[in-house]
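Dropping entry.tsv in here (TSV, C-alpha atoms and all ligand atoms):
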chain	number	residue	atom	x	y	z
N	24	MET	CA	70.63	10.15	117.05
N	25	LYS	CA	73.67	9.26	114.96
N	26	ALA	CA	76.84	8.02	116.66
N	27	ALA	CA	80.15	6.39	115.72
N	28	THR	CA	80.16	2.89	117.21
N	29	PHE	CA	82.85	0.26	117.76
N	30	GLN	CA	81.88	-2.95	115.97
N	31	GLY	CA	85.10	-4.94	116.21
N	32	VAL	CA	88.81	-4.59	115.48
N	33	HIS	CA	89.24	-2.10	112.57
N	34	GLU	CA	85.44	-1.81	112.30
N	35	VAL	CA	83.69	1.47	113.04
N	36	LYS	CA	80.10	2.17	111.94
N	37	VAL	CA	77.90	5.23	112.23
N	38	LEU	CA	74.52	3.99	113.44
N	39	GLU	CA	71.21	5.33	114.70
N	40	VAL	CA	71.24	4.84	118.52
N	41	PRO	CA	68.95	6.08	121.34
N	42	LYS	CA	69.46	9.76	122.23
N	43	PRO	CA	70.83	9.96	125.81
N	44	SER	CA	69.04	11.88	128.55
N	45	ILE	CA	69.83	13.24	132.01
N	46	HIS	CA	69.29	10.82	134.90
N	47	SER	CA	71.21	12.42	137.76
N	48	PRO	CA	71.16	16.03	139.11
N	49	ASP	CA	74.88	16.65	138.38
N	50	GLU	CA	74.58	15.92	134.63
N	51	ALA	CA	74.42	18.09	131.52
N	52	LEU	CA	73.05	17.12	128.10
N	53	LEU	CA	75.18	18.44	125.24
N	54	LYS	CA	74.48	18.82	121.54
N	55	VAL	CA	77.90	18.01	120.09
N	56	THR	CA	79.06	20.60	117.55
N	57	LEU	CA	82.51	19.08	116.84
N	58	GLY	CA	84.27	15.82	117.72
N	59	ALA	CA	87.81	14.63	116.99
N	60	ILE	CA	89.56	11.29	116.54
N	61	CYS	CA	92.38	10.83	119.05
N	62	GLY	CA	95.38	8.49	119.05
N	63	SER	CA	93.79	6.85	122.10
N	64	ASP	CA	90.77	5.87	119.94
N	65	LEU	CA	93.26	3.88	117.87
N	66	HIS	CA	94.00	1.65	120.90
N	67	ALA	CA	90.33	0.57	120.75
N	68	TYR	CA	90.38	0.44	116.92
N	69	HIS	CA	93.41	-1.87	116.93
N	70	GLY	CA	91.91	-4.00	119.74
N	71	ARG	CA	94.47	-3.01	122.42
N	72	ILE	CA	91.68	-1.57	124.63
N	73	PRO	CA	88.89	-4.17	124.63
N	74	MET	CA	85.44	-2.80	123.78
N	75	VAL	CA	82.11	-4.51	123.21
N	76	ALA	CA	80.47	-4.27	119.77
N	77	GLY	CA	77.97	-1.41	119.70
N	78	GLU	CA	79.68	0.77	122.33
N	79	LEU	CA	80.03	4.47	121.44
N	80	LEU	CA	83.34	6.10	120.51
N	81	GLY	CA	84.85	9.53	120.99
N	82	HIS	CA	86.21	11.47	123.99
N	83	GLU	CA	87.43	14.75	122.42
N	84	PHE	CA	84.49	17.08	121.77
N	85	VAL	CA	82.82	20.45	122.24
N	86	GLY	CA	79.14	21.33	122.21
N	87	VAL	CA	76.24	23.48	123.30
N	88	ILE	CA	74.38	22.67	126.52
N	89	GLN	CA	70.74	21.65	125.98
N	90	GLU	CA	69.76	20.86	129.55
N	91	VAL	CA	71.34	20.71	133.01
N	92	GLY	CA	70.35	18.85	136.18
N	93	PRO	CA	69.44	20.91	139.29
N	94	ALA	CA	72.84	20.36	140.96
N	95	VAL	CA	74.82	21.90	138.05
N	96	LYS	CA	75.88	25.40	139.17
N	97	ARG	CA	78.52	26.59	136.68
N	98	PHE	CA	76.61	26.06	133.41
N	99	LYS	CA	73.21	26.72	131.83
N	100	PRO	CA	71.45	25.78	128.60
N	101	GLY	CA	72.95	27.60	125.61
N	102	ASP	CA	76.50	27.67	127.03
N	103	ARG	CA	79.27	26.50	124.65
N	104	VAL	CA	81.63	24.16	126.47
N	105	VAL	CA	84.72	22.02	126.01
N	106	VAL	CA	84.69	18.73	127.93
N	107	SER	CA	87.56	16.85	129.58
N	108	PHE	CA	88.01	13.36	128.13
N	109	TYR	CA	87.13	11.98	131.58
N	110	THR	CA	84.89	13.13	134.40
N	111	ALA	CA	86.18	13.98	137.87
N	112	CYS	CA	84.07	14.48	140.99
N	113	GLY	CA	85.97	17.45	142.45
N	114	HIS	CA	85.46	16.34	146.06
N	115	CYS	CA	87.27	13.00	146.61
N	116	ALA	CA	90.60	12.99	148.48
N	117	LEU	CA	92.64	13.07	145.26
N	118	CYS	CA	90.60	15.77	143.48
N	119	ARG	CA	91.04	17.88	146.65
N	120	LYS	CA	94.81	17.45	146.26
N	121	GLY	CA	94.54	18.67	142.64
N	122	TRP	CA	95.02	15.20	141.07
N	123	PHE	CA	91.81	15.17	139.00
N	124	ASN	CA	93.44	12.56	136.74
N	125	GLU	CA	93.46	10.19	139.72
N	126	CYS	CA	89.88	11.00	140.81
N	127	LEU	CA	88.44	8.09	142.81
N	128	ASN	CA	85.14	8.43	140.91
N	129	MET	CA	86.58	8.87	137.41
N	130	ALA	CA	84.95	7.65	134.21
N	131	THR	CA	86.13	8.12	130.60
N	132	PHE	CA	84.05	8.98	127.53
N	133	GLY	CA	84.01	6.73	124.49
N	134	PHE	CA	85.49	3.46	125.76
N	135	GLY	CA	82.34	1.65	126.91
N	136	GLU	CA	81.75	-0.14	130.22
N	137	LEU	CA	85.42	-0.98	130.74
N	138	LEU	CA	86.35	2.66	131.46
N	139	GLY	CA	83.21	3.76	133.27
N	140	GLY	CA	80.31	3.37	130.86
N	141	LEU	CA	79.99	6.98	129.67
N	142	GLY	CA	78.67	7.86	126.19
N	143	GLY	CA	80.79	8.91	123.24
N	144	GLY	CA	81.58	12.33	121.80
N	145	GLN	CA	81.60	11.22	118.14
N	146	ALA	CA	77.81	11.53	118.22
N	147	GLU	CA	75.04	14.08	117.97
N	148	TYR	CA	74.37	14.21	121.74
N	149	VAL	CA	76.21	13.17	124.88
N	150	VAL	CA	75.49	13.33	128.61
N	151	VAL	CA	78.29	14.73	130.80
N	152	PRO	CA	78.07	13.54	134.43
N	153	LEU	CA	79.76	15.60	137.19
N	154	ALA	CA	79.39	18.49	134.75
N	155	ASP	CA	80.65	21.26	137.09
N	156	HIS	CA	84.05	19.54	137.40
N	157	SER	CA	84.39	18.17	133.88
N	158	MET	CA	83.77	21.09	131.49
N	159	GLU	CA	84.90	24.68	130.82
N	160	LEU	CA	83.07	27.54	129.14
N	161	ILE	CA	84.49	28.43	125.70
N	162	PRO	CA	85.32	32.16	125.63
N	163	GLU	CA	83.27	34.34	123.30
N	164	GLY	CA	84.79	34.62	119.82
N	165	MET	CA	86.74	31.34	120.10
N	166	SER	CA	85.84	28.71	117.47
N	167	ASP	CA	85.11	25.04	118.19
N	168	GLU	CA	88.28	24.11	116.31
N	169	GLN	CA	90.37	26.38	118.53
N	170	ALA	CA	88.83	25.05	121.76
N	171	ILE	CA	88.34	21.32	121.15
N	172	PHE	CA	91.87	20.06	121.96
N	173	VAL	CA	91.78	21.69	125.42
N	174	GLY	CA	89.74	18.65	126.55
N	175	ASP	CA	92.48	16.19	125.65
N	176	ILE	CA	95.58	16.49	123.47
N	177	LEU	CA	96.49	20.13	124.19
N	178	SER	CA	96.14	19.57	127.95
N	179	THR	CA	98.21	16.42	127.53
N	180	GLY	CA	100.91	18.37	125.67
N	181	MET	CA	100.99	20.93	128.50
N	182	PHE	CA	101.02	18.24	131.22
N	183	ALA	CA	103.88	16.51	129.39
N	184	ALA	CA	105.88	19.72	128.97
N	185	GLU	CA	105.37	20.92	132.54
N	186	ARG	CA	106.44	17.56	133.93
N	187	ALA	CA	109.54	17.56	131.68
N	188	GLU	CA	110.84	20.46	133.84
N	189	ILE	CA	112.05	22.53	130.90
N	190	HIS	CA	114.27	25.51	131.78
N	191	PRO	CA	115.19	28.42	129.47
N	192	GLY	CA	118.01	27.35	127.17
N	193	ASP	CA	117.34	23.62	127.53
N	194	VAL	CA	117.27	21.02	124.77
N	195	VAL	CA	114.05	18.97	124.84
N	196	ALA	CA	113.48	15.80	122.81
N	197	VAL	CA	109.88	14.98	121.88
N	198	ILE	CA	109.48	11.34	120.81
N	199	GLY	CA	106.51	11.07	118.44
N	200	ALA	CA	105.05	13.83	116.24
N	201	GLY	CA	101.46	12.65	116.26
N	202	PRO	CA	98.84	15.10	117.51
N	203	VAL	CA	100.00	14.68	121.13
N	204	GLY	CA	103.70	15.11	120.27
N	205	LEU	CA	102.86	18.21	118.21
N	206	MET	CA	100.89	19.70	121.12
N	207	ALA	CA	103.80	18.88	123.45
N	208	THR	CA	106.16	20.62	121.00
N	209	MET	CA	103.88	23.69	121.00
N	210	CYS	CA	103.63	23.75	124.81
N	211	ALA	CA	107.34	23.07	125.37
N	212	GLN	CA	108.05	26.38	123.58
N	213	LEU	CA	106.26	28.25	126.41
N	214	PHE	CA	109.10	27.28	128.77
N	215	GLY	CA	111.88	28.86	126.67
N	216	PRO	CA	114.00	25.92	125.47
N	217	ALA	CA	116.90	26.60	123.10
N	218	ARG	CA	115.86	23.67	120.94
N	219	VAL	CA	113.02	21.16	120.68
N	220	LEU	CA	114.13	18.03	118.79
N	221	VAL	CA	111.14	16.08	117.44
N	222	VAL	CA	111.42	12.41	116.44
N	223	ASP	CA	109.00	10.55	114.15
N	224	MET	CA	109.04	8.63	110.85
N	225	VAL	CA	106.13	10.41	109.16
N	226	GLU	CA	107.51	13.29	107.07
N	227	SER	CA	104.22	15.27	106.93
N	228	ARG	CA	104.05	15.28	110.74
N	229	LEU	CA	107.71	16.30	111.07
N	230	GLU	CA	106.98	19.25	108.75
N	231	ILE	CA	104.34	20.52	111.19
N	232	ALA	CA	106.81	20.04	114.05
N	233	GLN	CA	109.21	22.26	112.13
N	234	GLU	CA	106.50	24.92	111.65
N	235	LEU	CA	106.17	24.87	115.45
N	236	GLY	CA	109.85	25.69	115.86
N	237	GLY	CA	110.94	22.09	116.35
N	238	THR	CA	114.00	20.46	114.79
N	239	PRO	CA	112.82	17.30	112.98
N	240	ILE	CA	114.62	13.97	113.28
N	241	ASN	CA	113.36	11.26	110.95
N	242	ALA	CA	113.93	8.00	112.84
N	243	SER	CA	113.71	5.96	109.63
N	244	LEU	CA	116.76	7.83	108.30
N	245	ALA	CA	118.87	8.37	111.42
N	246	HIS	CA	119.22	6.71	114.83
N	247	PRO	CA	117.27	9.08	117.12
N	248	VAL	CA	119.46	8.66	120.24
N	249	GLU	CA	122.62	9.27	118.20
N	250	SER	CA	121.07	12.27	116.42
N	251	ILE	CA	120.04	13.81	119.74
N	252	ALA	CA	123.54	13.21	121.10
N	253	GLY	CA	124.86	14.94	117.98
N	254	TYR	CA	122.82	18.07	118.74
N	255	THR	CA	123.97	18.18	122.38
N	256	GLY	CA	127.73	17.76	122.23
N	257	GLY	CA	127.37	14.05	122.96
N	258	ILE	CA	125.67	14.43	126.37
N	259	GLY	CA	121.98	14.09	125.52
N	260	ALA	CA	118.86	16.22	125.89
N	261	ASP	CA	118.01	17.91	129.19
N	262	SER	CA	114.60	16.28	129.12
N	263	SER	CA	112.43	14.13	126.91
N	264	ILE	CA	108.70	13.81	126.28
N	265	GLU	CA	107.35	10.46	125.10
N	266	ALA	CA	104.15	10.77	123.04
N	267	VAL	CA	103.81	7.39	121.33
N	268	GLY	CA	103.10	4.61	123.86
N	269	LEU	CA	105.40	1.83	122.61
N	270	THR	CA	108.21	0.26	124.65
N	271	ALA	CA	110.59	1.24	121.81
N	272	SER	CA	109.68	4.92	122.11
N	273	VAL	CA	109.83	4.91	125.93
N	274	ASP	CA	113.27	3.37	125.55
N	275	THR	CA	114.33	6.17	123.18
N	276	ALA	CA	112.98	8.74	125.67
N	277	ILE	CA	115.09	7.20	128.47
N	278	GLN	CA	118.27	6.71	126.42
N	279	CYS	CA	118.32	10.21	124.86
N	280	VAL	CA	118.56	12.31	128.06
N	281	ARG	CA	121.72	13.48	129.83
N	282	GLY	CA	122.71	12.68	133.41
N	283	GLY	CA	120.29	14.41	135.80
N	284	GLY	CA	117.66	14.70	133.08
N	285	THR	CA	113.90	14.19	133.19
N	286	ILE	CA	111.68	11.84	131.17
N	287	SER	CA	107.99	12.70	130.85
N	288	VAL	CA	105.83	9.93	129.36
N	289	VAL	CA	102.25	10.50	128.17
N	290	GLY	CA	101.85	7.78	125.51
N	291	VAL	CA	99.44	5.09	126.78
N	292	PRO	CA	101.70	2.05	127.32
N	293	SER	CA	101.08	-0.78	124.86
N	294	GLU	CA	102.37	-3.31	127.43
N	295	PHE	CA	101.51	-3.79	131.11
N	296	THR	CA	105.11	-4.64	132.00
N	297	ALA	CA	108.45	-4.55	130.21
N	298	ASP	CA	112.16	-4.36	131.05
N	299	PHE	CA	113.06	-1.15	132.90
N	300	PRO	CA	116.71	0.00	133.02
N	301	TYR	CA	116.92	0.45	136.80
N	302	TYR	CA	120.71	0.67	136.93
N	303	HIS	CA	120.85	3.18	134.06
N	304	MET	CA	118.21	5.32	135.84
N	305	TRP	CA	120.26	5.30	139.05
N	306	GLU	CA	123.61	5.73	137.36
N	307	LYS	CA	122.39	8.79	135.43
N	308	SER	CA	120.22	10.25	138.27
N	309	LEU	CA	117.19	10.35	135.98
N	310	THR	CA	113.66	11.41	136.90
N	311	PHE	CA	110.88	9.36	135.26
N	312	ARG	CA	107.32	10.69	135.16
N	313	SER	CA	104.28	9.30	133.41
N	314	GLY	CA	100.52	9.42	133.52
N	315	ARG	CA	97.11	10.32	132.23
N	316	CYS	CA	96.81	14.07	131.77
N	317	ASN	CA	95.40	16.19	134.62
N	318	VAL	CA	93.01	17.88	132.14
N	319	GLN	CA	90.88	19.74	134.70
N	320	LYS	CA	93.98	21.56	135.95
N	321	TYR	CA	94.94	22.91	132.53
N	322	MET	CA	91.67	23.68	130.71
N	323	ARG	CA	91.19	27.28	131.94
N	324	PRO	CA	94.80	28.49	131.49
N	325	LEU	CA	95.00	26.86	128.05
N	326	LEU	CA	91.78	28.58	126.91
N	327	ASP	CA	93.35	31.86	128.09
N	328	LEU	CA	96.56	31.14	126.14
N	329	ILE	CA	94.53	30.39	122.98
N	330	ALA	CA	92.39	33.51	123.46
N	331	ALA	CA	95.59	35.57	123.79
N	332	GLY	CA	96.91	34.09	120.51
N	333	ARG	CA	99.89	32.39	122.20
N	334	LEU	CA	98.76	28.85	121.31
N	335	LYS	CA	97.22	27.84	117.96
N	336	PRO	CA	96.28	24.18	118.44
N	337	ASP	CA	93.87	24.15	115.48
N	338	MET	CA	96.83	24.46	113.08
N	339	ILE	CA	97.34	20.67	113.24
N	340	ILE	CA	93.88	19.86	111.81
N	341	SER	CA	94.45	18.23	108.44
N	342	HIS	CA	90.95	16.91	107.65
N	343	ARG	CA	87.44	18.22	108.33
N	344	MET	CA	84.86	15.48	107.76
N	345	LYS	CA	81.24	14.66	108.60
N	346	LEU	CA	80.36	12.29	111.43
N	347	ASP	CA	78.79	10.10	108.72
N	348	GLN	CA	82.31	9.57	107.33
N	349	ALA	CA	83.73	8.28	110.65
N	350	GLU	CA	84.45	4.82	109.23
N	351	GLU	CA	86.72	6.26	106.52
N	352	ALA	CA	88.15	8.84	108.95
N	353	TYR	CA	89.32	6.09	111.34
N	354	ARG	CA	90.93	4.20	108.47
N	355	MET	CA	92.78	7.34	107.31
N	356	PHE	CA	93.96	8.32	110.80
N	357	ALA	CA	95.12	4.78	111.61
N	358	ALA	CA	97.04	4.71	108.30
N	359	ARG	CA	98.61	8.12	109.20
N	360	GLU	CA	97.18	9.60	106.00
N	361	ALA	CA	95.75	12.36	108.20
N	362	THR	CA	97.46	14.25	111.05
N	363	LYS	CA	94.25	15.16	112.90
N	364	ILE	CA	90.63	14.71	111.87
N	365	VAL	CA	87.63	16.60	113.23
N	366	LEU	CA	84.06	15.39	112.62
N	367	THR	CA	80.96	17.56	112.39
N	368	PRO	CA	77.70	15.80	113.38
P	401	LIG	P1	99.25	8.83	116.94
P	401	LIG	O1	99.17	7.36	116.95
P	401	LIG	O2	98.54	9.60	115.89
P	401	LIG	O3	100.77	9.33	116.92
P	401	LIG	C1	101.86	8.55	117.31
P	401	LIG	C2	103.08	8.98	116.48
P	401	LIG	O4	104.24	8.27	116.95
P	401	LIG	C3	102.94	8.65	114.99
P	401	LIG	O5	103.16	9.81	114.23
P	401	LIG	C4	104.03	7.58	114.75
P	401	LIG	O6	104.61	7.67	113.46
P	401	LIG	C5	105.04	7.91	115.83
P	401	LIG	N1	105.91	6.80	116.25
P	401	LIG	C6	105.62	5.46	116.28
P	401	LIG	N2	106.68	4.78	116.78
P	401	LIG	C7	107.64	5.68	117.04
P	401	LIG	C8	108.96	5.61	117.57
P	401	LIG	N3	109.49	4.42	117.95
P	401	LIG	N4	109.68	6.74	117.70
P	401	LIG	C9	109.15	7.94	117.36
P	401	LIG	N5	107.90	8.07	116.85
P	401	LIG	C10	107.16	6.98	116.72
P	401	LIG	O7	98.71	9.24	118.39
P	401	LIG	P2	98.54	10.62	119.22
P	401	LIG	O8	97.15	11.10	119.10
P	401	LIG	O9	99.64	11.57	118.93
P	401	LIG	O10	98.73	10.02	120.68
P	401	LIG	C11	100.00	9.55	121.10
P	401	LIG	C12	99.88	8.74	122.37
P	401	LIG	O11	99.41	9.56	123.45
P	401	LIG	C13	98.88	7.58	122.28
P	401	LIG	O12	99.40	6.48	122.99
P	401	LIG	C14	97.67	8.13	123.00
P	401	LIG	O13	96.84	7.12	123.52
P	401	LIG	C15	98.34	8.90	124.10
P	401	LIG	N6	97.53	9.89	124.81
P	401	LIG	C16	97.75	10.00	126.13
P	401	LIG	C17	97.04	10.92	126.86
P	401	LIG	C18	97.30	11.06	128.33
P	401	LIG	O14	96.45	11.58	129.05
P	401	LIG	N7	98.45	10.64	128.84
P	401	LIG	C19	96.08	11.74	126.25
P	401	LIG	C20	95.89	11.63	124.86
P	401	LIG	C21	96.63	10.69	124.15
P	402	ZN	ZN	92.38	11.17	123.61

Go ahead and express the file in the form of structure tokens.
Amino acid sequence: MKAATFQGVHEVKVLEVPKPSIHSPDEALLKVTLGAICGSDLHAYHGRIPMVAGELLGHEFVGVIQEVGPAVKRFKPGDRVVVSFYTACGHCALCRKGWFNECLNMATFGFGELLGGLGGGQAEYVVVPLADHSMELIPEGMSDEQAIFVGDILSTGMFAAERAEIHPGDVVAVIGAGPVGLMATMCAQLFGPARVLVVDMVESRLEIAQELGGTPINASLAHPVESIAGYTGGIGADSSIEAVGLTASVDTAIQCVRGGGTISVVGVPSEFTADFPYYHMWEKSLTFRSGRCNVQKYMRPLLDLIAAGRLKPDMIISHRMKLDQAEEAYRMFAAREATKIVLTP
């Protein structure tokens, strides 16, 4: 089968690789019908997440089930499914507490051995282990493009917004208008804020934020913390969502909220440690939350919101390309020439 492979920093190649097959009773074999490139893939592309040459890429995908192992109870061949970007077992102590994102048996698609050795979704086929706890059925009449982001960036946007504790009438600041920031902007609106201020430097992305009801702030033209203060009578936003992953953007997310506010970080940190403003956090009674998205918790309700027409995540897709064009697609996405790219095998 064909698959996008990591070959080295800034080097992606579509190659012929062995088609995967089921080896354990809890697995499902999927024919991928659509894959996407995520900002997290860029961490591997830029060499921030170390991968071995030849490992398969892609963790945001939908497909049709070809075969299931005997222990899979919720799915059968022919079912169309969206897959979480990581697998969870559903029965460890932390899954039983609802923290699927902290599953003790977790593995992630598309990052090679380092993150659990699963296959990649930018490919023609992929095996999904722990299938019953890692996928959801796509409702009839819903397209692949509408469903695909439920497995990653839309869930992450919802996780970020829920953990920002947005109340009706609040002012929320979203730092970063990449795909994740745009999904967070979309989800934040479900909680009834008066205003969602969205910070980025890429004008085309800020335009989409504006279409989503956000107020754009171009950080290359204005100081974001000062602009946010300007919109809030000098006191700062009620809460902030960080959707970039740099220490500079986490810093903006902390500095832009008012006393008693909440900071919700979903960007994957680019550094293991950095300075943290402990006194400022105490002095302003701030709440700081961060983490990998609890995808399994949000997949079903998000599919229902899309089916009801209340969320339109597919509106951020800027480029539809073939899997064969993955090399060029990665270059374009990394250069921010594309907002979101989907790949058809
Ligand atoms: P992206 O790289 O396409 O978007 C990042 C955006 O941030 C870009 O538009 C960039 O211009 C902007 N930016 C850069 N520096 C900035 C700054 N200082 N202030 C404001 N904006 C700034 O990536 P994405 O797909 O949107 O993903 C964003 C982050 O979320 C990545 O770190 C990704 O790995 C992470 N992520 C986390 C989860 C999770 O489970 N927590 C899930 C998916 C993605
Ligand atoms: Zn991702």

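Shortest atom-to-atom contact with Lys36 of chain N among N:Ser287, N:Ser166, N:Gln145, N:Ser313: N:Gln145, counting all atoms listed in the file.
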
Residues at most 6 Å from segment 218-230 of chain N, counting only C-alpha atoms, excluding those fewer than 2 positions away in the same chain, as a ChimeraX atom specification? /N:194-200,216,232-233,237-243

For a cut-off of 7 Å around (114.7, 17.4, 128.4), file coordinates, pick out all residues using all atoms listed in the file and list them as a ChimeraX atom specification. /N:187,189,193-196,260-263,280,284-286

All residues within 7 Å of ligand LIG 401 (chain P) are required, counting all atoms listed in the file; please report them as a ChimeraX atom specification. /N:61-63,65-66,175-176,179,198-204,222-225,228,242,266-269,271-272,289-292,314-316,356,359,362

Provide the atom CA of Asp167 of chain N to atom CA of Val55 of chain N distance in Å, to one decimal place.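 About the pair atom CA of Asp167 of chain N and atom CA of Val55 of chain N: they are 10.2 Å apart.
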
What is the atom CA of Val149 of chain N-atom CA of Lys42 of chain N distance in Å, reported with one decimal? 8.0 Å

For the atom pair atom CA of Gly113 of chain N and atom CA of Pro73 of chain N, what is the interatomic distance in Å to one decimal place?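 Going from atom CA of Gly113 of chain N over to atom CA of Pro73 of chain N covers 28.2 Å.
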
Centre and edge lengths, as AutoDock Vina command-line options, for the axis-aligned box enclosing every listed atom of segment 340-350 of chain N with 4 Å of padding on each of the six sides, in Å to one decimal?
--center_x 86.6 --center_y 12.3 --center_z 109.6 --size_x 23.7 --size_y 23.0 --size_z 12.5

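Proximity to ligand ZN 402 (chain P) was assessed for N:Met165, N:Met322, N:Ile60, N:Val288 counting only C-alpha atoms and all ligand atoms; the smallest distance is recorded for N:Ile60.
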
Do you know which residues are at most 7 Å from segment 101-104 of chain N counting only C-alpha atoms, after dropping those on the same chain fewer than 5 positions away, and could you put them as a ChimeraX atom specification? /N:85-89,158-161

Skipping near chain neighbours, those fewer than 6 positions away, what residues fall within 10 Å of Ile258 of chain N using all atoms listed in the file, listed as a list in words? Ile251, Ala252, Cys279, Val280, Arg281 and Gly282 of chain N

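Near segment 332-338 of chain N, within 9 Å and counting all atoms listed in the file, sit Glu168, Gln169, Ala170, Ile171, Phe172, Val173, Leu177, Leu205, Met206, Met209, Cys210, Leu213, Ile231, Leu325 and Leu326 of chain N; same-chain residues fewer than 6 positions away were not included.
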
Pick out the closest residue to His69 of chain N from this set: N:Val32, N:Ile339, N:Ala330, N:Leu53. Count all atoms listed in the file.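 Of N:Val32, N:Ile339, N:Ala330, N:Leu53, the one nearest His69 of chain N, counting all atoms listed in the file, is N:Val32.
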
So which residues touch Tyr353 of chain N within 9 Å, counting only C-alpha atoms, skipping near sequence neighbours fewer than 3 positions away, as a list in words? His33, Glu34, Val35, Ile60, Asp64, Leu65, Tyr68, Gln348, Ala349, Glu350, Phe356, Ala357, Ala358 and Ile364 of chain N

Output file for the residues above (C-alpha atoms, as a tab-separated table (two decimals), in the frame of the given file):
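Produced file out_16.tsv, reproduced below:
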chain	number	residue	atom	x	y	z
N	33	HIS	CA	89.24	-2.10	112.57
N	34	GLU	CA	85.44	-1.81	112.30
N	35	VAL	CA	83.69	1.47	113.04
N	60	ILE	CA	89.56	11.29	116.54
N	64	ASP	CA	90.77	5.87	119.94
N	65	LEU	CA	93.26	3.88	117.87
N	68	TYR	CA	90.38	0.44	116.92
N	348	GLN	CA	82.31	9.57	107.33
N	349	ALA	CA	83.73	8.28	110.65
N	350	GLU	CA	84.45	4.82	109.23
N	356	PHE	CA	93.96	8.32	110.80
N	357	ALA	CA	95.12	4.78	111.61
N	358	ALA	CA	97.04	4.71	108.30
N	364	ILE	CA	90.63	14.71	111.87

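With all atoms listed in the file as the atoms that count, the residue of N:Asn128, N:Gln319, N:Ser47, N:Thr28 with the shortest distance to Gly174 of chain N is N:Gln319.
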
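Closest approach to ligand ZN 402 (chain P) among N:Ala211, N:Val318, N:Val75, N:Leu117: N:Val318, based on only C-alpha atoms and all ligand atoms.
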
Place N, CA, C and O atoms on segment 308-319 of chain N and deliver the coordinates as a PDB file, in the frame of the given file.
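In the end it all went to selection-v7.pdb:
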ATOM      1  N   SER N 308     121.061   9.375 137.402  1.00  0.00           N
ATOM      2  CA  SER N 308     120.220  10.250 138.270  1.00  0.00           C
ATOM      3  C   SER N 308     119.012  10.793 137.508  1.00  0.00           C
ATOM      4  O   SER N 308     118.742  11.999 137.523  1.00  0.00           O
ATOM      5  N   LEU N 309     118.294   9.900 136.822  1.00  0.00           N
ATOM      6  CA  LEU N 309     117.190  10.350 135.980  1.00  0.00           C
ATOM      7  C   LEU N 309     115.872  10.416 136.759  1.00  0.00           C
ATOM      8  O   LEU N 309     115.662   9.665 137.713  1.00  0.00           O
ATOM      9  N   THR N 310     115.016  11.319 136.341  1.00  0.00           N
ATOM     10  CA  THR N 310     113.660  11.410 136.900  1.00  0.00           C
ATOM     11  C   THR N 310     112.692  10.898 135.837  1.00  0.00           C
ATOM     12  O   THR N 310     112.745  11.349 134.682  1.00  0.00           O
ATOM     13  N   PHE N 311     111.825   9.952 136.213  1.00  0.00           N
ATOM     14  CA  PHE N 311     110.880   9.360 135.260  1.00  0.00           C
ATOM     15  C   PHE N 311     109.468   9.689 135.710  1.00  0.00           C
ATOM     16  O   PHE N 311     109.076   9.378 136.830  1.00  0.00           O
ATOM     17  N   ARG N 312     108.714  10.371 134.840  1.00  0.00           N
ATOM     18  CA  ARG N 312     107.320  10.690 135.160  1.00  0.00           C
ATOM     19  C   ARG N 312     106.428  10.147 134.070  1.00  0.00           C
ATOM     20  O   ARG N 312     106.794  10.143 132.895  1.00  0.00           O
ATOM     21  N   SER N 313     105.213   9.727 134.443  1.00  0.00           N
ATOM     22  CA  SER N 313     104.280   9.300 133.410  1.00  0.00           C
ATOM     23  C   SER N 313     102.868   9.468 133.938  1.00  0.00           C
ATOM     24  O   SER N 313     102.670   9.699 135.135  1.00  0.00           O
ATOM     25  N   GLY N 314     101.896   9.394 133.037  1.00  0.00           N
ATOM     26  CA  GLY N 314     100.520   9.420 133.520  1.00  0.00           C
ATOM     27  C   GLY N 314      99.509   9.961 132.545  1.00  0.00           C
ATOM     28  O   GLY N 314      99.842  10.547 131.511  1.00  0.00           O
ATOM     29  N   ARG N 315      98.254   9.732 132.934  1.00  0.00           N
ATOM     30  CA  ARG N 315      97.110  10.320 132.230  1.00  0.00           C
ATOM     31  C   ARG N 315      97.117  11.811 132.556  1.00  0.00           C
ATOM     32  O   ARG N 315      97.445  12.218 133.671  1.00  0.00           O
ATOM     33  N   CYS N 316      96.755  12.625 131.575  1.00  0.00           N
ATOM     34  CA  CYS N 316      96.810  14.070 131.770  1.00  0.00           C
ATOM     35  C   CYS N 316      95.825  14.552 132.847  1.00  0.00           C
ATOM     36  O   CYS N 316      94.697  14.097 132.927  1.00  0.00           O
ATOM     37  N   ASN N 317      96.263  15.545 133.619  1.00  0.00           N
ATOM     38  CA  ASN N 317      95.400  16.190 134.620  1.00  0.00           C
ATOM     39  C   ASN N 317      94.611  17.314 133.926  1.00  0.00           C
ATOM     40  O   ASN N 317      94.847  18.503 134.166  1.00  0.00           O
ATOM     41  N   VAL N 318      93.692  16.926 133.042  1.00  0.00           N
ATOM     42  CA  VAL N 318      93.010  17.880 132.140  1.00  0.00           C
ATOM     43  C   VAL N 318      92.367  19.045 132.905  1.00  0.00           C
ATOM     44  O   VAL N 318      92.535  20.212 132.541  1.00  0.00           O
ATOM     45  N   GLN N 319      91.636  18.704 133.968  1.00  0.00           N
ATOM     46  CA  GLN N 319      90.880  19.740 134.700  1.00  0.00           C
ATOM     47  C   GLN N 319      91.783  20.866 135.197  1.00  0.00           C
ATOM     48  O   GLN N 319      91.342  22.004 135.342  1.00  0.00           O
TER      49      GLN N 319
END
